[in-house]
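Undergrad: Right, I'll just put the structure down here and ask away after.
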Amino acid sequence: MVTAVTVRVPAKVNVQLAVGGRRPDGFHDLANVFLAVGLYDEVTAAPADGLTVTAQGRDVEGIPLDRTNLAARAAIALAELHGIEPDVHLHIAKDIPVAGGMAGGSADGAGALLACDALWGLDTPTPQLLRIAGELGSDVPFPLLGGAALGVGRGERLTALEVSGTFHWVFALADGGLSTPEVYRECDRLRRAGGSGDLAGEVAEPAADPALVAALAAGDPHALARVLVNDLQDAALSLRPALADTIAAGRGAGALAGIVSGSGPTVAFLAADEAGAVKIADALGTSARVAAAPAPGATVLP
């Protein structure tokens with residue numbers, strides 16, 4: 001009898017986040033190039049009478065421990081698919097920043113899907129797990145796959161991308177999170193204020209940058225640094241102006257490029273090599289984390 005299953009699941013950085021205009025349903029079409037990085041949460045699923053969630057580690061006071069937690073929602077969705085009760089205790093060991101634009105909550109949802117599937121002996125096909133993940137949230141499918149991928153639609157429809165070599169990153173963590181919906185609203189407001197409009201049809205259709213896809217495939221950090229882009233960055237900087245100082249500090253310490261990760265407020269710096277990443281992190285201080293990419297997707301640990 002399986003007594004517990006632990007799944008390790010990675011964070012992500014968006015090396016391209018192209019945001020289309022606001023659709024009638026309020027969402028935005030995206031061209032979202034994900035890269036999994038070596039910062040991980042671990043989700044452990046164990047048998048229980050009913051559904052419970054506990055957490056320990058970094059910033060856990062910022063996450064819900066009820067059925068609104070993405071990990072709990074993942075367990076419920078998987079159980080409903082198979083017609084069983086979601087009787088499981090989920091324990092989340094957090095090392096991915098909370099509300100930092102690195103998909104920590106989404107990673108926990110992906111980890112819970114895989115952990116519960118293994119605990120309950122369901123053998124759910126990967127396409128079905130990805131479908132459930134996409135219904136839970138736009139960023140939930142990618143941590144199941146890891147590596148690099150292009151997400152379209154709301155970002156949930158994934159195509160794996162080739163990635164070579166190792167990219168070295170430094171992540172500067174900010175105090176307090178940024179609300180993703182608030183950042184999108186600010187992006188829309190800035191577009192209207194700039195006179196371009198914010199609706200679908202008024203904004204260029206998002207598409208992956210061929211130069212960025214080629215840089216990932218070549219494993220070339222200098223080429224990748226030249227094409228990093230995040231359409232939400234201006235909105236994040238508008239809501240949190242101090243992030244501009246963080247970007248300047250990292251660039252001054254030798255980063256090839258600095259970019260707000262996703263909706264922020266974490267800032268991601270791309271280094272030329274591992275030694276460069278350590279130097280940047282030392283300059284930025286205790287808020288900085290060093291990680292390599294690409295990282296594997298959700299993995300059941302022995």
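So you can find residues: chains in the structure tokens are A, B, ... in the order shown, residues in each start at 1, and ligands are numbered from 1 in order.
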Which residues of range 21-140 of chain A sit at most 9 Å from range 159-178 of chain A, using only C-alpha atoms? Give each one's shortest atom pair and distance in Å (one decimal place), in chain and ascending residue order, as a Markdown table.

TA:
| residue | atom | partner | partner_atom | distance |
| --- | --- | --- | --- | --- |
| A:Val33 | CA | A:Leu161 | CA | 8.7 |
| A:Val37 | CA | A:Trp169 | CA | 8.2 |
| A:Pro97 | CA | A:Leu173 | CA | 7.5 |
| A:Val98 | CA | A:Gly177 | CA | 7.1 |
| A:Ala99 | CA | A:Gly177 | CA | 4.7 |
| A:Gly100 | CA | A:Gly177 | CA | 5.7 |
| A:Gly101 | CA | A:Leu178 | CA | 8.0 |

Undergrad: Those residues with all heavy atoms, as a PDB file, in the first residue's frame please?

TA:
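Saved result, selection-v8.pdb, follows:
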ATOM      1  N   VAL A  33       6.322  32.368 -23.486  1.00  0.00           N
ATOM      2  CA  VAL A  33       7.413  31.398 -23.558  1.00  0.00           C
ATOM      3  C   VAL A  33       7.927  31.147 -22.146  1.00  0.00           C
ATOM      4  O   VAL A  33       8.526  32.028 -21.516  1.00  0.00           O
ATOM      5  CB  VAL A  33       8.539  31.870 -24.486  1.00  0.00           C
ATOM      6  CG1 VAL A  33       9.654  30.821 -24.517  1.00  0.00           C
ATOM      7  CG2 VAL A  33       8.012  32.099 -25.903  1.00  0.00           C
ATOM      8  N   VAL A  37      12.812  26.763 -14.097  1.00  0.00           N
ATOM      9  CA  VAL A  37      14.068  27.056 -13.399  1.00  0.00           C
ATOM     10  C   VAL A  37      14.165  26.239 -12.119  1.00  0.00           C
ATOM     11  O   VAL A  37      13.147  25.797 -11.567  1.00  0.00           O
ATOM     12  CB  VAL A  37      14.197  28.566 -13.092  1.00  0.00           C
ATOM     13  CG1 VAL A  37      14.171  29.381 -14.378  1.00  0.00           C
ATOM     14  CG2 VAL A  37      13.106  29.040 -12.146  1.00  0.00           C
ATOM     15  N   PRO A  97       8.925  31.549  -4.453  1.00  0.00           N
ATOM     16  CA  PRO A  97       8.297  32.734  -3.863  1.00  0.00           C
ATOM     17  C   PRO A  97       6.785  32.771  -4.094  1.00  0.00           C
ATOM     18  O   PRO A  97       6.296  32.384  -5.154  1.00  0.00           O
ATOM     19  CB  PRO A  97       8.986  33.894  -4.578  1.00  0.00           C
ATOM     20  CG  PRO A  97      10.297  33.347  -5.012  1.00  0.00           C
ATOM     21  CD  PRO A  97      10.051  31.906  -5.331  1.00  0.00           C
ATOM     22  N   VAL A  98       6.059  33.239  -3.082  1.00  0.00           N
ATOM     23  CA  VAL A  98       4.609  33.368  -3.163  1.00  0.00           C
ATOM     24  C   VAL A  98       4.266  34.698  -3.820  1.00  0.00           C
ATOM     25  O   VAL A  98       4.832  35.734  -3.485  1.00  0.00           O
ATOM     26  CB  VAL A  98       3.979  33.281  -1.761  1.00  0.00           C
ATOM     27  CG1 VAL A  98       2.484  33.585  -1.817  1.00  0.00           C
ATOM     28  CG2 VAL A  98       4.229  31.907  -1.155  1.00  0.00           C
ATOM     29  N   ALA A  99       3.317  34.666  -4.769  1.00  0.00           N
ATOM     30  CA  ALA A  99       2.857  35.875  -5.477  1.00  0.00           C
ATOM     31  C   ALA A  99       4.030  36.649  -6.058  1.00  0.00           C
ATOM     32  O   ALA A  99       4.046  37.873  -6.050  1.00  0.00           O
ATOM     33  CB  ALA A  99       2.032  36.775  -4.546  1.00  0.00           C
ATOM     34  N   GLY A 100       5.013  35.899  -6.592  1.00  0.00           N
ATOM     35  CA  GLY A 100       6.208  36.545  -7.113  1.00  0.00           C
ATOM     36  C   GLY A 100       6.347  36.510  -8.621  1.00  0.00           C
ATOM     37  O   GLY A 100       7.395  36.856  -9.149  1.00  0.00           O
ATOM     38  N   GLY A 101       5.312  36.055  -9.335  1.00  0.00           N
ATOM     39  CA  GLY A 101       5.406  35.969 -10.781  1.00  0.00           C
ATOM     40  C   GLY A 101       6.173  34.762 -11.271  1.00  0.00           C
ATOM     41  O   GLY A 101       6.583  34.715 -12.430  1.00  0.00           O
TER      42      GLY A 101
END

Undergrad: Could you pull out the strand (DSSP E) residues of range 32-65 of chain A, going by DSSP on the backbone, and write them as number ranges by chain?

TA: A: 32-47, 51-57

Undergrad: Could those selected residues go to a file with N, CA and C atoms, as a tab-separated table (two decimals), in the first residue's frame?

TA:
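Ended up saving to again_19.tsv:
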chain	number	residue	atom	x	y	z
A	32	ASN	N	3.31	33.09	-24.64
A	32	ASN	CA	3.99	33.04	-23.35
A	32	ASN	C	5.07	31.97	-23.42
A	33	VAL	N	6.32	32.37	-23.49
A	33	VAL	CA	7.41	31.40	-23.56
A	33	VAL	C	7.93	31.15	-22.15
A	34	PHE	N	7.64	29.95	-21.65
A	34	PHE	CA	8.01	29.54	-20.31
A	34	PHE	C	9.38	28.85	-20.33
A	35	LEU	N	10.14	29.08	-19.26
A	35	LEU	CA	11.38	28.34	-19.03
A	35	LEU	C	11.37	27.90	-17.58
A	36	ALA	N	11.43	26.60	-17.34
A	36	ALA	CA	11.43	26.09	-15.97
A	36	ALA	C	12.80	26.29	-15.34
A	37	VAL	N	12.81	26.76	-14.10
A	37	VAL	CA	14.07	27.06	-13.40
A	37	VAL	C	14.16	26.24	-12.12
A	38	GLY	N	15.39	26.06	-11.66
A	38	GLY	CA	15.67	25.17	-10.56
A	38	GLY	C	15.39	25.72	-9.18
A	39	LEU	N	14.21	26.26	-8.97
A	39	LEU	CA	13.65	26.54	-7.65
A	39	LEU	C	12.40	25.68	-7.55
A	40	TYR	N	12.23	24.95	-6.45
A	40	TYR	CA	11.21	23.92	-6.41
A	40	TYR	C	10.34	24.00	-5.16
A	41	ASP	N	9.07	23.65	-5.33
A	41	ASP	CA	8.21	23.25	-4.23
A	41	ASP	C	8.10	21.73	-4.25
A	42	GLU	N	7.76	21.16	-3.10
A	42	GLU	CA	7.47	19.73	-3.02
A	42	GLU	C	6.07	19.56	-2.45
A	43	VAL	N	5.27	18.75	-3.13
A	43	VAL	CA	3.89	18.48	-2.70
A	43	VAL	C	3.80	17.00	-2.34
A	44	THR	N	3.40	16.72	-1.10
A	44	THR	CA	3.25	15.34	-0.64
A	44	THR	C	1.78	15.04	-0.44
A	45	ALA	N	1.34	13.95	-1.03
A	45	ALA	CA	-0.05	13.49	-0.89
A	45	ALA	C	-0.05	12.21	-0.05
A	46	ALA	N	-0.90	12.19	0.96
A	46	ALA	CA	-1.00	11.02	1.84
A	46	ALA	C	-2.46	10.72	2.10
A	47	PRO	N	-2.80	9.44	2.35
A	47	PRO	CA	-4.20	9.09	2.61
A	47	PRO	C	-4.75	9.85	3.82
A	51	LEU	N	-10.26	16.03	2.95
A	51	LEU	CA	-9.21	16.81	2.28
A	51	LEU	C	-8.66	17.86	3.22
A	52	THR	N	-7.34	17.82	3.45
A	52	THR	CA	-6.69	18.81	4.28
A	52	THR	C	-5.42	19.28	3.59
A	53	VAL	N	-5.00	20.51	3.92
A	53	VAL	CA	-3.80	21.10	3.34
A	53	VAL	C	-2.97	21.71	4.45
A	54	THR	N	-1.66	21.43	4.45
A	54	THR	CA	-0.71	22.10	5.34
A	54	THR	C	0.45	22.59	4.50
A	55	ALA	N	1.22	23.51	5.07
A	55	ALA	CA	2.35	24.06	4.34
A	55	ALA	C	3.43	24.50	5.31
A	56	GLN	N	4.66	24.47	4.81
A	56	GLN	CA	5.79	24.99	5.58
A	56	GLN	C	6.78	25.59	4.59
A	57	GLY	N	7.65	26.47	5.09
A	57	GLY	CA	8.69	27.03	4.25
A	57	GLY	C	8.47	28.50	3.97

Undergrad: Per residue of range 218-255 of chain A within 10 Å of range 276-298 of chain A, note the shortest atom pair and the distance in Å to one decimal, counting only C-alpha atoms, and order the rows by chain and increasing residue number, as a Markdown table.

TA:
| residue | atom | partner | partner_atom | distance |
| --- | --- | --- | --- | --- |
| A:Thr246 | CA | A:Leu284 | CA | 8.1 |
| A:Ala249 | CA | A:Leu284 | CA | 7.1 |
| A:Gly250 | CA | A:Ile280 | CA | 6.3 |
| A:Arg251 | CA | A:Ile280 | CA | 8.5 |
| A:Gly252 | CA | A:Ile280 | CA | 8.7 |
| A:Ala253 | CA | A:Ile280 | CA | 5.2 |
| A:Gly254 | CA | A:Ile280 | CA | 6.4 |
| A:Ala255 | CA | A:Ile280 | CA | 6.7 |

Undergrad: One decimal, in Å: what's the spacing between CA of Ala74 in chain A and CA of Ser261 in chain A?

TA: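 That distance, rounded to one decimal, is 24.2 Å.
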
Undergrad: What does the distance from CA of Lys12 in chain A to CA of Ala225 in chain A come to in Å, to one decimal?

TA: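 Calculated distance between CA of Lys12 in chain A and CA of Ala225 in chain A is 16.6 Å.
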
Undergrad: Pick the closest to Ala103 in chain A from A:Glu186, A:Asp245, A:Glu80, A:Asp139: which is it, counting only C-alpha atoms?

TA: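 Nearest to Ala103 in chain A: A:Asp139.
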